[in-house]
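Participant: You'll find upload_18.tsv just under this line, and it carries TSV, C-alpha atoms.
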```tsv
chain	number	residue	atom	x	y	z
A	1	MET	CA	112.50	84.37	142.28
A	2	ASN	CA	115.25	85.95	140.22
A	3	ALA	CA	113.10	85.96	137.12
A	4	LEU	CA	110.31	87.68	139.04
A	5	ILE	CA	112.66	90.40	140.28
A	6	ILE	CA	113.94	91.06	136.78
A	7	SER	CA	110.45	91.11	135.36
A	8	ASN	CA	109.47	93.55	138.10
A	9	ILE	CA	112.37	95.87	137.27
A	10	VAL	CA	111.54	95.74	133.57
A	11	LEU	CA	107.89	96.46	134.27
A	12	TRP	CA	108.73	99.50	136.37
A	13	PHE	CA	110.88	100.86	133.57
A	14	VAL	CA	108.06	100.36	131.09
A	15	VAL	CA	105.50	101.97	133.40
A	16	LEU	CA	107.71	105.03	133.96
A	17	ALA	CA	108.51	105.35	130.27
A	18	LEU	CA	104.82	105.15	129.39
A	19	LEU	CA	103.95	107.78	131.99
A	20	VAL	CA	106.63	110.15	130.67
A	21	ALA	CA	105.22	109.64	127.18
A	22	LEU	CA	101.66	110.22	128.44
A	23	LEU	CA	102.66	113.46	130.14
A	24	ALA	CA	104.43	114.63	126.98
A	25	VAL	CA	101.38	113.85	124.84
A	26	ILE	CA	99.03	115.67	127.19
A	27	ARG	CA	101.29	118.73	127.31
A	28	GLN	CA	101.45	118.79	123.53
A	29	LEU	CA	97.69	118.49	123.41
A	30	GLY	CA	97.42	121.52	125.68
A	31	VAL	CA	99.80	123.54	123.49
A	32	LEU	CA	97.89	122.46	120.39
A	33	HIS	CA	94.55	123.54	121.85
A	34	GLU	CA	95.93	126.90	122.89
A	35	ARG	CA	97.26	127.46	119.39
A	36	ILE	CA	94.07	126.56	117.56
A	37	ALA	CA	91.69	128.14	120.06
A	38	PRO	CA	90.88	131.30	118.07
A	39	THR	CA	90.91	129.35	114.84
A	40	GLY	CA	90.32	130.60	111.29
A	41	ALA	CA	87.10	132.41	111.96
A	42	LEU	CA	87.78	134.54	108.94
A	43	MET	CA	84.38	136.17	108.98
A	44	LEU	CA	82.37	137.13	111.99
A	45	ALA	CA	78.64	136.73	111.65
A	46	LYS	CA	77.72	140.29	112.46
A	47	GLY	CA	79.25	143.44	111.21
A	48	LEU	CA	80.03	145.19	107.98
A	49	LYS	CA	78.90	143.61	104.73
A	50	VAL	CA	81.45	142.41	102.23
A	51	GLY	CA	80.77	143.92	98.80
A	52	GLU	CA	79.46	147.20	100.15
A	53	GLY	CA	81.34	150.45	100.60
A	54	ALA	CA	83.80	150.37	103.49
A	55	PRO	CA	83.33	153.26	105.95
A	56	GLN	CA	85.78	156.09	105.28
A	57	VAL	CA	87.70	157.08	108.38
A	58	PRO	CA	90.15	160.00	108.58
A	59	VAL	CA	93.28	158.99	110.52
A	60	HIS	CA	96.80	160.20	111.26
A	61	ASP	CA	99.91	158.09	110.91
A	62	LEU	CA	102.76	158.01	113.41
A	63	GLU	CA	104.41	161.01	111.79
A	64	GLY	CA	101.15	162.95	112.09
A	65	ALA	CA	100.38	162.94	108.37
A	66	PRO	CA	96.64	162.67	107.66
A	67	ARG	CA	95.14	160.05	105.37
A	68	THR	CA	91.68	158.62	104.80
A	69	ILE	CA	91.06	154.92	105.09
A	70	ALA	CA	88.87	153.37	102.36
A	71	GLU	CA	89.06	156.43	100.13
A	72	PRO	CA	88.50	155.37	96.48
A	73	SER	CA	91.67	155.77	94.45
A	74	SER	CA	92.30	155.81	90.71
A	75	ASN	CA	95.48	153.72	90.75
A	76	GLY	CA	93.59	150.45	91.01
A	77	ARG	CA	95.39	149.28	94.15
A	78	ALA	CA	93.68	147.54	97.02
A	79	THR	CA	94.52	148.22	100.66
A	80	LEU	CA	95.01	145.62	103.37
A	81	LEU	CA	94.25	147.24	106.69
A	82	MET	CA	95.97	145.19	109.35
A	83	PHE	CA	95.03	145.82	112.98
A	84	VAL	CA	97.90	145.00	115.34
A	85	SER	CA	99.09	145.99	118.79
A	86	PRO	CA	102.50	146.08	120.50
A	87	THR	CA	101.05	143.91	123.27
A	88	CYS	CA	99.76	141.10	121.05
A	89	PRO	CA	102.22	138.20	120.66
A	90	VAL	CA	100.43	136.66	117.65
A	91	CYS	CA	100.77	140.02	115.84
A	92	LYS	CA	104.55	139.88	116.26
A	93	SER	CA	104.73	136.38	114.84
A	94	LEU	CA	102.57	137.47	111.91
A	95	LEU	CA	104.68	140.51	110.97
A	96	PRO	CA	107.30	138.58	108.92
A	97	VAL	CA	104.44	136.93	107.01
A	98	LEU	CA	102.94	140.34	106.40
A	99	LYS	CA	106.25	141.69	105.10
A	100	SER	CA	106.67	138.79	102.69
A	101	SER	CA	103.06	139.22	101.51
A	102	LEU	CA	103.78	142.89	100.96
A	103	SER	CA	106.56	142.05	98.53
A	104	ALA	CA	104.71	139.12	96.91
A	105	GLU	CA	101.49	141.09	96.29
A	106	ARG	CA	103.05	144.50	95.72
A	107	ASP	CA	101.67	144.88	92.17
A	108	TRP	CA	98.11	145.26	93.44
A	109	LEU	CA	98.19	145.66	97.23
A	110	ASP	CA	99.17	148.31	99.79
A	111	ILE	CA	99.40	147.37	103.44
A	112	VAL	CA	98.48	149.79	106.22
A	113	LEU	CA	99.05	148.81	109.84
A	114	ALA	CA	96.53	150.15	112.35
A	115	SER	CA	96.65	150.27	116.12
A	116	ASP	CA	95.49	152.38	119.01
A	117	GLY	CA	96.79	153.48	122.37
A	118	ASP	CA	99.99	155.10	123.60
A	119	LEU	CA	102.01	156.70	120.77
A	120	ASN	CA	105.40	156.09	122.35
A	121	SER	CA	104.91	152.36	122.69
A	122	GLN	CA	103.68	152.29	119.07
A	123	ARG	CA	106.87	154.05	117.92
A	124	GLU	CA	108.97	151.62	119.95
A	125	PHE	CA	107.04	148.72	118.36
A	126	VAL	CA	107.68	150.07	114.84
A	127	ARG	CA	111.37	150.49	115.66
A	128	SER	CA	111.88	147.09	117.28
A	129	GLN	CA	109.92	145.21	114.59
A	130	LYS	CA	111.53	147.22	111.74
A	131	LEU	CA	108.23	148.36	110.26
A	132	GLY	CA	109.67	151.62	108.96
A	133	GLY	CA	108.51	151.14	105.37
A	134	ILE	CA	104.86	150.33	106.15
A	135	PRO	CA	102.31	153.08	106.87
A	136	TYR	CA	101.26	152.85	110.50
A	137	VAL	CA	98.14	154.66	111.67
A	138	VAL	CA	96.98	155.10	115.24
A	139	SER	CA	93.26	155.59	115.72
A	140	THR	CA	90.71	154.25	118.19
A	141	PRO	CA	87.65	155.20	116.05
A	142	LEU	CA	89.08	153.13	113.17
A	143	GLY	CA	89.01	149.91	115.19
A	144	ILE	CA	85.51	150.67	116.48
A	145	THR	CA	84.19	151.48	112.98
A	146	TYR	CA	85.56	148.23	111.55
A	147	GLN	CA	84.33	146.30	114.60
A	148	VAL	CA	87.68	144.78	115.44
A	149	SER	CA	87.04	142.31	118.23
A	150	ARG	CA	90.36	140.45	118.37
A	151	LEU	CA	93.86	140.96	117.06
A	152	PRO	CA	95.43	140.47	114.59
A	153	PHE	CA	92.52	141.55	112.39
A	154	ALA	CA	92.66	142.15	108.64
A	155	VAL	CA	90.37	144.21	106.41
A	156	LEU	CA	90.75	144.17	102.64
A	157	ILE	CA	89.43	147.21	100.78
A	158	ASP	CA	89.66	147.45	97.00
A	159	ALA	CA	90.53	150.50	94.89
A	160	GLN	CA	86.88	151.59	94.70
A	161	GLY	CA	86.64	151.66	98.50
A	162	ILE	CA	84.54	148.48	98.58
A	163	LEU	CA	85.03	146.12	101.54
A	164	ARG	CA	86.31	142.82	100.10
A	165	ALA	CA	87.11	140.76	103.19
A	166	ARG	CA	87.54	141.15	106.91
A	167	GLY	CA	88.40	138.81	109.74
A	168	ILE	CA	90.84	137.51	112.30
A	169	VAL	CA	94.16	136.49	110.84
A	170	ASN	CA	96.39	134.20	112.90
A	171	SER	CA	98.64	132.64	110.32
A	172	ARG	CA	99.96	132.83	106.79
A	173	GLU	CA	97.13	130.54	105.68
A	174	HIS	CA	94.50	132.95	106.99
A	175	LEU	CA	96.17	135.89	105.28
A	176	GLU	CA	96.56	134.03	101.99
A	177	SER	CA	92.93	132.95	102.20
A	178	ILE	CA	91.92	136.61	102.24
A	179	PHE	CA	93.94	137.25	99.06
A	180	GLU	CA	92.59	134.04	97.53
A	181	ALA	CA	89.03	135.08	98.34
A	182	LYS	CA	89.64	138.44	96.64
A	183	ARG	CA	91.04	136.71	93.54
A	184	LEU	CA	88.07	134.36	93.36
A	185	GLY	CA	85.66	137.19	93.90
A	186	PHE	CA	84.31	136.01	97.23
A	187	GLY	CA	84.30	137.83	100.53
A	188	THR	CA	85.70	134.88	102.39
A	189	ILE	CA	87.25	131.58	101.51
A	190	GLN	CA	84.38	129.95	103.42
A	191	ALA	CA	81.86	131.62	101.08
A	192	TYR	CA	83.81	130.21	98.14
A	193	PHE	CA	83.68	126.66	99.53
A	194	GLU	CA	79.99	127.05	100.33
A	195	SER	CA	79.28	128.10	96.74
A	196	ILE	CA	81.20	125.07	95.45
A	197	ALA	CA	79.18	122.84	97.76
A	198	ARG	CA	75.95	124.41	96.51
A	199	HIS	CA	77.10	124.02	92.92
A	200	GLU	CA	77.87	120.35	93.43
A	201	ALA	CA	74.55	119.75	95.18
A	202	ALA	CA	72.63	121.31	92.32
B	1	MET	CA	97.92	97.27	158.64
B	2	ILE	CA	99.77	99.06	155.87
B	3	ASP	CA	102.83	97.59	154.20
B	4	PRO	CA	105.83	99.90	154.73
B	5	ALA	CA	106.73	99.91	151.02
B	6	LEU	CA	103.29	101.29	150.19
B	7	GLY	CA	103.44	103.63	153.19
B	8	TYR	CA	106.79	105.12	152.21
B	9	LEU	CA	105.60	105.49	148.62
B	10	VAL	CA	102.62	107.60	149.68
B	11	ILE	CA	104.62	109.58	152.21
B	12	LEU	CA	107.39	110.38	149.76
B	13	ASP	CA	104.90	111.73	147.22
B	14	MET	CA	102.92	113.62	149.82
B	15	ALA	CA	106.06	115.29	151.17
B	16	ALA	CA	107.20	116.15	147.64
B	17	LEU	CA	103.79	117.64	146.80
B	18	LEU	CA	103.59	119.75	149.96
B	19	GLY	CA	107.23	120.85	149.75
B	20	TRP	CA	106.93	121.79	146.08
B	21	SER	CA	103.69	123.66	146.68
B	22	ALA	CA	105.23	125.58	149.61
B	23	VAL	CA	108.24	126.62	147.52
B	24	GLN	CA	105.92	127.78	144.73
B	25	LYS	CA	103.86	129.84	147.15
B	26	LEU	CA	106.92	131.45	148.72
B	27	ARG	CA	108.46	132.25	145.35
B	28	ALA	CA	105.27	133.91	144.06
B	29	ARG	CA	104.16	135.66	147.27
B	30	ARG	CA	102.47	138.58	145.48
B	31	GLU	CA	100.39	136.33	143.23
B	32	PHE	CA	99.61	134.07	146.16
B	33	PHE	CA	98.46	137.11	148.18
B	34	GLU	CA	96.12	138.17	145.36
B	35	ILE	CA	94.77	134.65	144.94
B	36	LEU	CA	94.15	134.25	148.69
B	37	THR	CA	92.32	137.59	148.78
B	38	ALA	CA	90.25	136.59	145.75
B	39	TYR	CA	89.15	133.37	147.48
B	40	ARG	CA	87.27	135.52	150.04
B	41	VAL	CA	87.32	132.86	152.75
B	42	LEU	CA	89.76	134.62	155.07
B	43	GLY	CA	89.15	138.05	156.53
B	44	GLU	CA	91.40	140.65	154.94
B	45	ARG	CA	93.33	141.00	158.19
B	46	TRP	CA	94.36	137.33	158.06
B	47	VAL	CA	95.51	137.17	154.45
B	48	PRO	CA	99.03	138.64	154.99
B	49	ALA	CA	99.65	136.14	157.80
B	50	ALA	CA	98.35	133.25	155.70
B	51	VAL	CA	100.67	134.15	152.80
B	52	TYR	CA	103.52	132.98	155.04
B	53	GLY	CA	101.54	130.74	157.36
B	54	LEU	CA	100.22	128.28	154.75
B	55	PRO	CA	103.55	127.59	153.02
B	56	ALA	CA	105.23	127.36	156.43
B	57	ALA	CA	102.65	124.79	157.52
B	58	GLU	CA	103.16	122.87	154.28
B	59	LEU	CA	106.93	122.79	154.74
B	60	LEU	CA	106.58	121.73	158.36
B	61	VAL	CA	104.18	118.90	157.47
B	62	ALA	CA	106.41	117.80	154.58
B	63	LEU	CA	109.40	117.56	156.92
B	64	ALA	CA	107.40	115.87	159.66
B	65	LEU	CA	106.22	113.24	157.16
B	66	LEU	CA	109.81	112.17	156.60
B	67	ILE	CA	110.60	111.81	160.32
B	68	PRO	CA	109.30	108.47	161.73
B	69	VAL	CA	108.30	109.90	165.15
B	70	SER	CA	106.03	112.60	163.75
B	71	ARG	CA	104.84	110.62	160.75
B	72	ARG	CA	101.34	109.70	161.88
B	73	ALA	CA	100.47	113.18	163.08
B	74	ALA	CA	101.89	114.65	159.87
B	75	CYS	CA	99.72	112.33	157.76
B	76	VAL	CA	96.60	113.61	159.48
B	77	ALA	CA	97.84	117.20	159.18
B	78	ALA	CA	98.52	116.74	155.45
B	79	ALA	CA	94.99	115.40	154.97
B	80	GLY	CA	93.72	118.39	156.95
B	81	LEU	CA	95.55	120.87	154.69
B	82	LEU	CA	94.21	119.17	151.56
B	83	LEU	CA	90.68	119.22	152.95
B	84	ILE	CA	90.97	122.90	153.93
B	85	TYR	CA	92.01	123.77	150.37
B	86	GLY	CA	89.21	121.58	149.06
B	87	CYS	CA	86.68	123.39	151.28
B	88	ALA	CA	87.89	126.80	150.08
B	89	ILE	CA	87.39	125.66	146.47
B	90	ALA	CA	83.99	124.11	147.27
B	91	VAL	CA	82.77	127.32	148.97
B	92	ASN	CA	83.69	129.36	145.91
B	93	LEU	CA	82.15	126.82	143.52
B	94	LEU	CA	78.92	127.10	145.54
B	95	ARG	CA	79.15	130.88	145.28
B	96	GLY	CA	79.26	130.35	141.52
B	97	ARG	CA	82.68	131.95	141.09
B	98	ARG	CA	83.92	129.52	138.46
B	99	ASP	CA	86.40	131.96	136.97
B	100	LEU	CA	88.44	132.09	140.20
B	101	ASP	CA	92.12	131.23	139.83
B	102	CYS	CA	92.70	128.13	141.96
B	103	GLY	CA	96.34	128.96	142.62
B	104	CYS	CA	97.22	125.28	142.35
B	105	GLY	CA	100.19	125.63	140.03
B	106	LEU	CA	101.43	129.15	140.59
B	107	ALA	CA	104.27	128.52	138.15
B	108	SER	CA	102.25	126.74	135.48
B	109	GLY	CA	99.88	129.61	134.92
B	110	ARG	CA	96.29	130.46	135.72
B	111	ARG	CA	93.64	127.79	135.92
B	112	THR	CA	90.15	128.13	137.26
B	113	ILE	CA	88.64	126.15	140.12
B	114	ALA	CA	86.60	123.06	139.21
B	115	GLU	CA	84.88	120.03	140.74
B	116	TRP	CA	87.62	117.61	139.79
B	117	MET	CA	89.95	119.44	142.19
B	118	LEU	CA	87.63	118.46	145.06
B	119	MET	CA	87.88	114.82	143.96
B	120	ARG	CA	91.66	115.13	143.69
B	121	ASN	CA	92.04	116.64	147.15
B	122	ALA	CA	89.64	114.12	148.69
B	123	THR	CA	91.51	111.18	147.10
B	124	MET	CA	94.87	112.43	148.31
B	125	ALA	CA	93.50	113.14	151.79
B	126	CYS	CA	92.19	109.55	151.91
B	127	ALA	CA	95.64	108.25	150.94
B	128	ALA	CA	97.25	110.38	153.64
B	129	VAL	CA	94.85	109.17	156.33
B	130	THR	CA	95.29	105.55	155.22
B	131	VAL	CA	99.05	105.62	155.74
B	132	ALA	CA	98.48	107.05	159.23
B	133	LEU	CA	97.22	103.55	160.14
B	134	PRO	CA	99.75	101.23	161.83
B	135	TRP	CA	102.39	99.78	159.52
B	136	VAL	CA	103.49	96.14	159.27
B	137	PRO	CA	106.80	95.92	161.15
B	138	ARG	CA	109.18	94.48	158.55
B	139	ALA	CA	112.60	95.41	157.27
B	140	LEU	CA	112.78	96.87	153.78
B	141	ALA	CA	114.57	94.76	151.15
B	142	LEU	CA	116.47	96.20	148.22
B	143	LEU	CA	113.54	95.45	145.94
B	144	ASP	CA	111.29	97.51	148.21
B	145	ILE	CA	113.51	100.55	147.64
B	146	MET	CA	112.88	100.16	143.93
B	147	THR	CA	109.15	99.78	144.48
B	148	ILE	CA	109.12	102.95	146.57
B	149	LEU	CA	111.24	105.08	144.24
B	150	ALA	CA	109.70	103.87	140.98
B	151	GLY	CA	106.20	103.86	142.43
B	152	ALA	CA	106.57	107.38	143.80
B	153	SER	CA	107.89	108.62	140.44
B	154	ALA	CA	105.05	106.88	138.62
B	155	ALA	CA	102.47	108.41	140.96
B	156	ALA	CA	104.00	111.88	140.56
B	157	LEU	CA	103.98	111.58	136.76
B	158	LEU	CA	100.40	110.35	136.85
B	159	TYR	CA	99.46	113.33	139.03
B	160	ALA	CA	101.12	115.74	136.58
B	161	SER	CA	99.39	114.04	133.64
B	162	ILE	CA	95.93	114.18	135.18
B	163	ASP	CA	96.53	117.76	136.28
B	164	ALA	CA	97.55	118.81	132.75
B	165	LEU	CA	94.69	116.87	131.17
B	166	LEU	CA	91.88	118.16	133.41
B	167	GLY	CA	93.37	121.57	134.14
B	168	ARG	CA	94.52	122.61	130.68
B	169	VAL	CA	93.42	120.35	127.86
B	170	VAL	CA	89.81	119.77	128.86
B	171	PRO	CA	88.99	123.50	129.45
B	172	ALA	CA	90.78	124.47	126.21
B	173	ALA	CA	88.89	121.78	124.29
B	174	ALA	CA	85.61	123.03	125.77
B	175	ILE	CA	86.40	126.57	124.60
B	176	ALA	CA	87.30	125.29	121.12
B	177	ARG	CA	84.03	123.32	120.92
B	178	ALA	CA	81.94	126.30	122.02
B	179	ARG	CA	83.16	128.36	119.08
```
What would the structure in this file look like if it were written as structure tokens?

Facilitator:
Amino acid sequence: MNALIISNIVLWFVVLALLVALLAVIRQLGVLHERIAPTGALMLAKGLKVGEGAPQVPVHDLEGAPRTIAEPSSNGRATLLMFVSPTCPVCKSLLPVLKSSLSAERDWLDIVLASDGDLNSQREFVRSQKLGGIPYVVSTPLGITYQVSRLPFAVLIDAQGILRARGIVNSREHLESIFEAKRLGFGTIQAYFESIARHEAA
Amino acid sequence: MIDPALGYLVILDMAALLGWSAVQKLRARREFFEILTAYRVLGERWVPAAVYGLPAAELLVALALLIPVSRRAACVAAAGLLLIYGCAIAVNLLRGRRDLDCGCGLASGRRTIAEWMLMRNATMACAAVTVALPWVPRALALLDIMTILAGASAAALLYASIDALLGRVVPAAAIARAR
């Protein structure tokens, strides 16, 4: 009888431990799914064509200074147009990545942040996230023209005003893949892999 | 005849579930008000009363479950509450309003109503009605206490696991697949 009691106690401990582990695994699974849900869809099927001229849009930055997005320039520098919003948590987590990219790619790339909505909350966002050094434009037509469906959204435009890449950017990997695609001469990293696959098949 | 160890196990969990759910509802009265209105099963005049009435009923049933005299009536009442909630969900599923917030875990965020919640409520109502049957008259041994406490904890953890799996992971996985 004693042995049975002890075995019973041990079994209960094991059952409870297993259930705690099960709950932990399921919760992690939920977190994981929420993180990967809007996954690396770098390119959306419809929309502007990579390799063609990007639409030029006149905008104003937070100080009210005018500038034109996608205007061809002679200095040979590309522009990364990054659509963000003060209300988007992923944008906030991406900002440090963006800043480090800005310094790593500074010999060929300018970054312009774009948003729309209330000017005061934008200014507060710039202040709290210490974005002082990065041009920040506020324009609703800009987001509509570039067909921004979700944030954070990146558009890469080269010095000639040609659209080089556009898509949702959730992580450093997504952002780097846009730069990598530009270096390799493809609109998206997916297009690059597809061309490799075609090459190998041939 | 139900063994008292099993009976207490079910009753303990049922009381914990109802008590927890009542506390959640009372802590998030505004959200609960909006959810109740969105269900569109009560007339608008009755919603403000139900915001306090439902959690009060839950607390009352939870307490009554723990008192031996009122136990059998409370079991039936608990099953009744679970079935009422189940009916409200079923009505809205039939109306095709699958994006409705079920209000099940007010603290754990929004989740939409689904068929598995009907199964869950029906299963728990069955358990509640079963322990309303007469119990075997026997004194509880020390080992029974362990069975009750460990069993109730295990059942609660299992409930939380299934809830997280069907309520969060499965819908999120379906969204990920649809992409």

Participant: Quick one: which chain B residues come within 10 Å of chain A, and what is the nearest atom pair for each with the distance in Å to one decimal, counting only C-alpha atoms, rows ordered by chain and ascending number, as JSON lines?

Facilitator:
```
{"residue": "B:Leu143", "atom": "CA", "partner": "A:Ile5", "partner_atom": "CA", "distance": 7.6}
{"residue": "B:Met146", "atom": "CA", "partner": "A:Ile9", "partner_atom": "CA", "distance": 7.9}
{"residue": "B:Thr147", "atom": "CA", "partner": "A:Trp12", "partner_atom": "CA", "distance": 8.1}
{"residue": "B:Leu149", "atom": "CA", "partner": "A:Trp12", "partner_atom": "CA", "distance": 10.0}
{"residue": "B:Ala150", "atom": "CA", "partner": "A:Trp12", "partner_atom": "CA", "distance": 6.4}
{"residue": "B:Gly151", "atom": "CA", "partner": "A:Trp12", "partner_atom": "CA", "distance": 7.9}
{"residue": "B:Ser153", "atom": "CA", "partner": "A:Leu16", "partner_atom": "CA", "distance": 7.4}
{"residue": "B:Ala154", "atom": "CA", "partner": "A:Leu16", "partner_atom": "CA", "distance": 5.7}
{"residue": "B:Ala155", "atom": "CA", "partner": "A:Leu19", "partner_atom": "CA", "distance": 9.1}
{"residue": "B:Ala156", "atom": "CA", "partner": "A:Leu19", "partner_atom": "CA", "distance": 9.5}
{"residue": "B:Leu157", "atom": "CA", "partner": "A:Leu19", "partner_atom": "CA", "distance": 6.1}
{"residue": "B:Leu158", "atom": "CA", "partner": "A:Leu19", "partner_atom": "CA", "distance": 6.5}
{"residue": "B:Tyr159", "atom": "CA", "partner": "A:Leu23", "partner_atom": "CA", "distance": 9.4}
{"residue": "B:Ala160", "atom": "CA", "partner": "A:Leu23", "partner_atom": "CA", "distance": 7.0}
{"residue": "B:Ser161", "atom": "CA", "partner": "A:Leu23", "partner_atom": "CA", "distance": 4.8}
{"residue": "B:Ile162", "atom": "CA", "partner": "A:Leu23", "partner_atom": "CA", "distance": 8.4}
{"residue": "B:Asp163", "atom": "CA", "partner": "A:Ile26", "partner_atom": "CA", "distance": 9.7}
{"residue": "B:Ala164", "atom": "CA", "partner": "A:Ile26", "partner_atom": "CA", "distance": 6.6}
{"residue": "B:Leu165", "atom": "CA", "partner": "A:Ile26", "partner_atom": "CA", "distance": 6.0}
{"residue": "B:Leu166", "atom": "CA", "partner": "A:Ile26", "partner_atom": "CA", "distance": 9.8}
{"residue": "B:Gly167", "atom": "CA", "partner": "A:Gly30", "partner_atom": "CA", "distance": 9.4}
{"residue": "B:Arg168", "atom": "CA", "partner": "A:Gly30", "partner_atom": "CA", "distance": 5.9}
{"residue": "B:Val169", "atom": "CA", "partner": "A:Gly30", "partner_atom": "CA", "distance": 4.7}
{"residue": "B:Val170", "atom": "CA", "partner": "A:Gly30", "partner_atom": "CA", "distance": 8.4}
{"residue": "B:Pro171", "atom": "CA", "partner": "A:His33", "partner_atom": "CA", "distance": 9.4}
{"residue": "B:Ala172", "atom": "CA", "partner": "A:His33", "partner_atom": "CA", "distance": 5.8}
{"residue": "B:Ala173", "atom": "CA", "partner": "A:His33", "partner_atom": "CA", "distance": 6.4}
{"residue": "B:Ala174", "atom": "CA", "partner": "A:His33", "partner_atom": "CA", "distance": 9.8}
{"residue": "B:Ile175", "atom": "CA", "partner": "A:Ala37", "partner_atom": "CA", "distance": 7.1}
{"residue": "B:Ala176", "atom": "CA", "partner": "A:Ala37", "partner_atom": "CA", "distance": 5.3}
{"residue": "B:Arg177", "atom": "CA", "partner": "A:Ala37", "partner_atom": "CA", "distance": 9.1}
{"residue": "B:Arg179", "atom": "CA", "partner": "A:Pro38", "partner_atom": "CA", "distance": 8.3}
```

Participant: When you look at Leu62 in chain A with a cut-off of 7 Å (counting only C-alpha atoms), what residues show up, excluding the ones that are within fewer than 3 positions of it in the same chain? I need them as a list in words.

Facilitator: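 In the requested form, the answer reads Tyr136, Val137 and Val138 of chain A.
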
Participant: Box along x, y and z, 3 Å on every side, all listed atoms of range 6-15 of chain A inside: centre and edge lengths in Å to one decimal, as lines of an AutoDock Vina configuration file.

Facilitator:
```
center_x = 109.7
center_y = 96.5
center_z = 134.6
size_x = 14.4
size_y = 16.9
size_z = 13.0
```

Participant: Residues at most 9 Å from Glu58 in chain B, counting only C-alpha atoms, excluding those fewer than 2 positions away in the same chain, as a list of chain:residue names?

Facilitator: B:Ala15, B:Leu18, B:Gly19, B:Ser21, B:Ala22, B:Gly53, B:Leu54, B:Pro55, B:Ala56, B:Leu60, B:Val61, B:Ala62, B:Leu63, B:Ala78, B:Leu81

Participant: Keeping C-alpha atoms for every residue in the selection just given, could you write it to a file as a PDB file, keeping the file's coordinate frame?

Facilitator:
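And here is the file that came out, part.pdb:
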```pdb
ATOM      1  CA  ALA B  15     106.060 115.290 151.170  1.00  0.00           C
ATOM      2  CA  LEU B  18     103.590 119.750 149.960  1.00  0.00           C
ATOM      3  CA  GLY B  19     107.230 120.850 149.750  1.00  0.00           C
ATOM      4  CA  SER B  21     103.690 123.660 146.680  1.00  0.00           C
ATOM      5  CA  ALA B  22     105.230 125.580 149.610  1.00  0.00           C
ATOM      6  CA  GLY B  53     101.540 130.740 157.360  1.00  0.00           C
ATOM      7  CA  LEU B  54     100.220 128.280 154.750  1.00  0.00           C
ATOM      8  CA  PRO B  55     103.550 127.590 153.020  1.00  0.00           C
ATOM      9  CA  ALA B  56     105.230 127.360 156.430  1.00  0.00           C
ATOM     10  CA  LEU B  60     106.580 121.730 158.360  1.00  0.00           C
ATOM     11  CA  VAL B  61     104.180 118.900 157.470  1.00  0.00           C
ATOM     12  CA  ALA B  62     106.410 117.800 154.580  1.00  0.00           C
ATOM     13  CA  LEU B  63     109.400 117.560 156.920  1.00  0.00           C
ATOM     14  CA  ALA B  78      98.520 116.740 155.450  1.00  0.00           C
ATOM     15  CA  LEU B  81      95.550 120.870 154.690  1.00  0.00           C
TER      16      LEU B  81
END
```

Participant: As a list in words, please: the residues near Arg110 in chain B (cut-off 8 Å, all atoms listed in the file, same-chain neighbours under 6 positions excluded).

Facilitator: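 The contact residues come out as Asp101, Cys102 and Gly103 of chain B.
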
Participant: Nearest to Ala181 in chain A: which of A:Leu156, A:Val169, A:Ile6, A:Ile162 is it, counting all atoms listed in the file?

Facilitator: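 Closest candidate: A:Leu156.
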
Participant: May I have the protein, DNA and RNA residues with any atom at most 10 Å from the point (92.8, 112.0, 153.2), counting all atoms listed in the file, written as a list of chain:residue names?

Facilitator: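 Checked against the point, the hits come out as B:Cys75, B:Val76, B:Ala77, B:Ala78, B:Ala79, B:Gly80, B:Leu81, B:Leu82, B:Leu83, B:Asn121, B:Ala122, B:Thr123, B:Met124, B:Ala125, B:Cys126, B:Ala127, B:Ala128, B:Val129, B:Thr130, B:Val131, B:Ala132.
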
Participant: Got time to write the residues from that selection, C-alpha atoms, as a PDB file, in the coordinates of the input?

Facilitator:
```
ATOM      1  CA  CYS B  75      99.720 112.330 157.760  1.00  0.00           C
ATOM      2  CA  VAL B  76      96.600 113.610 159.480  1.00  0.00           C
ATOM      3  CA  ALA B  77      97.840 117.200 159.180  1.00  0.00           C
ATOM      4  CA  ALA B  78      98.520 116.740 155.450  1.00  0.00           C
ATOM      5  CA  ALA B  79      94.990 115.400 154.970  1.00  0.00           C
ATOM      6  CA  GLY B  80      93.720 118.390 156.950  1.00  0.00           C
ATOM      7  CA  LEU B  81      95.550 120.870 154.690  1.00  0.00           C
ATOM      8  CA  LEU B  82      94.210 119.170 151.560  1.00  0.00           C
ATOM      9  CA  LEU B  83      90.680 119.220 152.950  1.00  0.00           C
ATOM     10  CA  ASN B 121      92.040 116.640 147.150  1.00  0.00           C
ATOM     11  CA  ALA B 122      89.640 114.120 148.690  1.00  0.00           C
ATOM     12  CA  THR B 123      91.510 111.180 147.100  1.00  0.00           C
ATOM     13  CA  MET B 124      94.870 112.430 148.310  1.00  0.00           C
ATOM     14  CA  ALA B 125      93.500 113.140 151.790  1.00  0.00           C
ATOM     15  CA  CYS B 126      92.190 109.550 151.910  1.00  0.00           C
ATOM     16  CA  ALA B 127      95.640 108.250 150.940  1.00  0.00           C
ATOM     17  CA  ALA B 128      97.250 110.380 153.640  1.00  0.00           C
ATOM     18  CA  VAL B 129      94.850 109.170 156.330  1.00  0.00           C
ATOM     19  CA  THR B 130      95.290 105.550 155.220  1.00  0.00           C
ATOM     20  CA  VAL B 131      99.050 105.620 155.740  1.00  0.00           C
ATOM     21  CA  ALA B 132      98.480 107.050 159.230  1.00  0.00           C
TER      22      ALA B 132
END
```

Participant: Might you pull out every residue within 10 Å of Leu94 in chain A, with all atoms listed in the file counted and same-chain residues fewer than 2 positions away left off, and present them as a VMD selection string?

Facilitator: chain A and resid 84 89 to 92 96 to 99 152 169 to 172 175
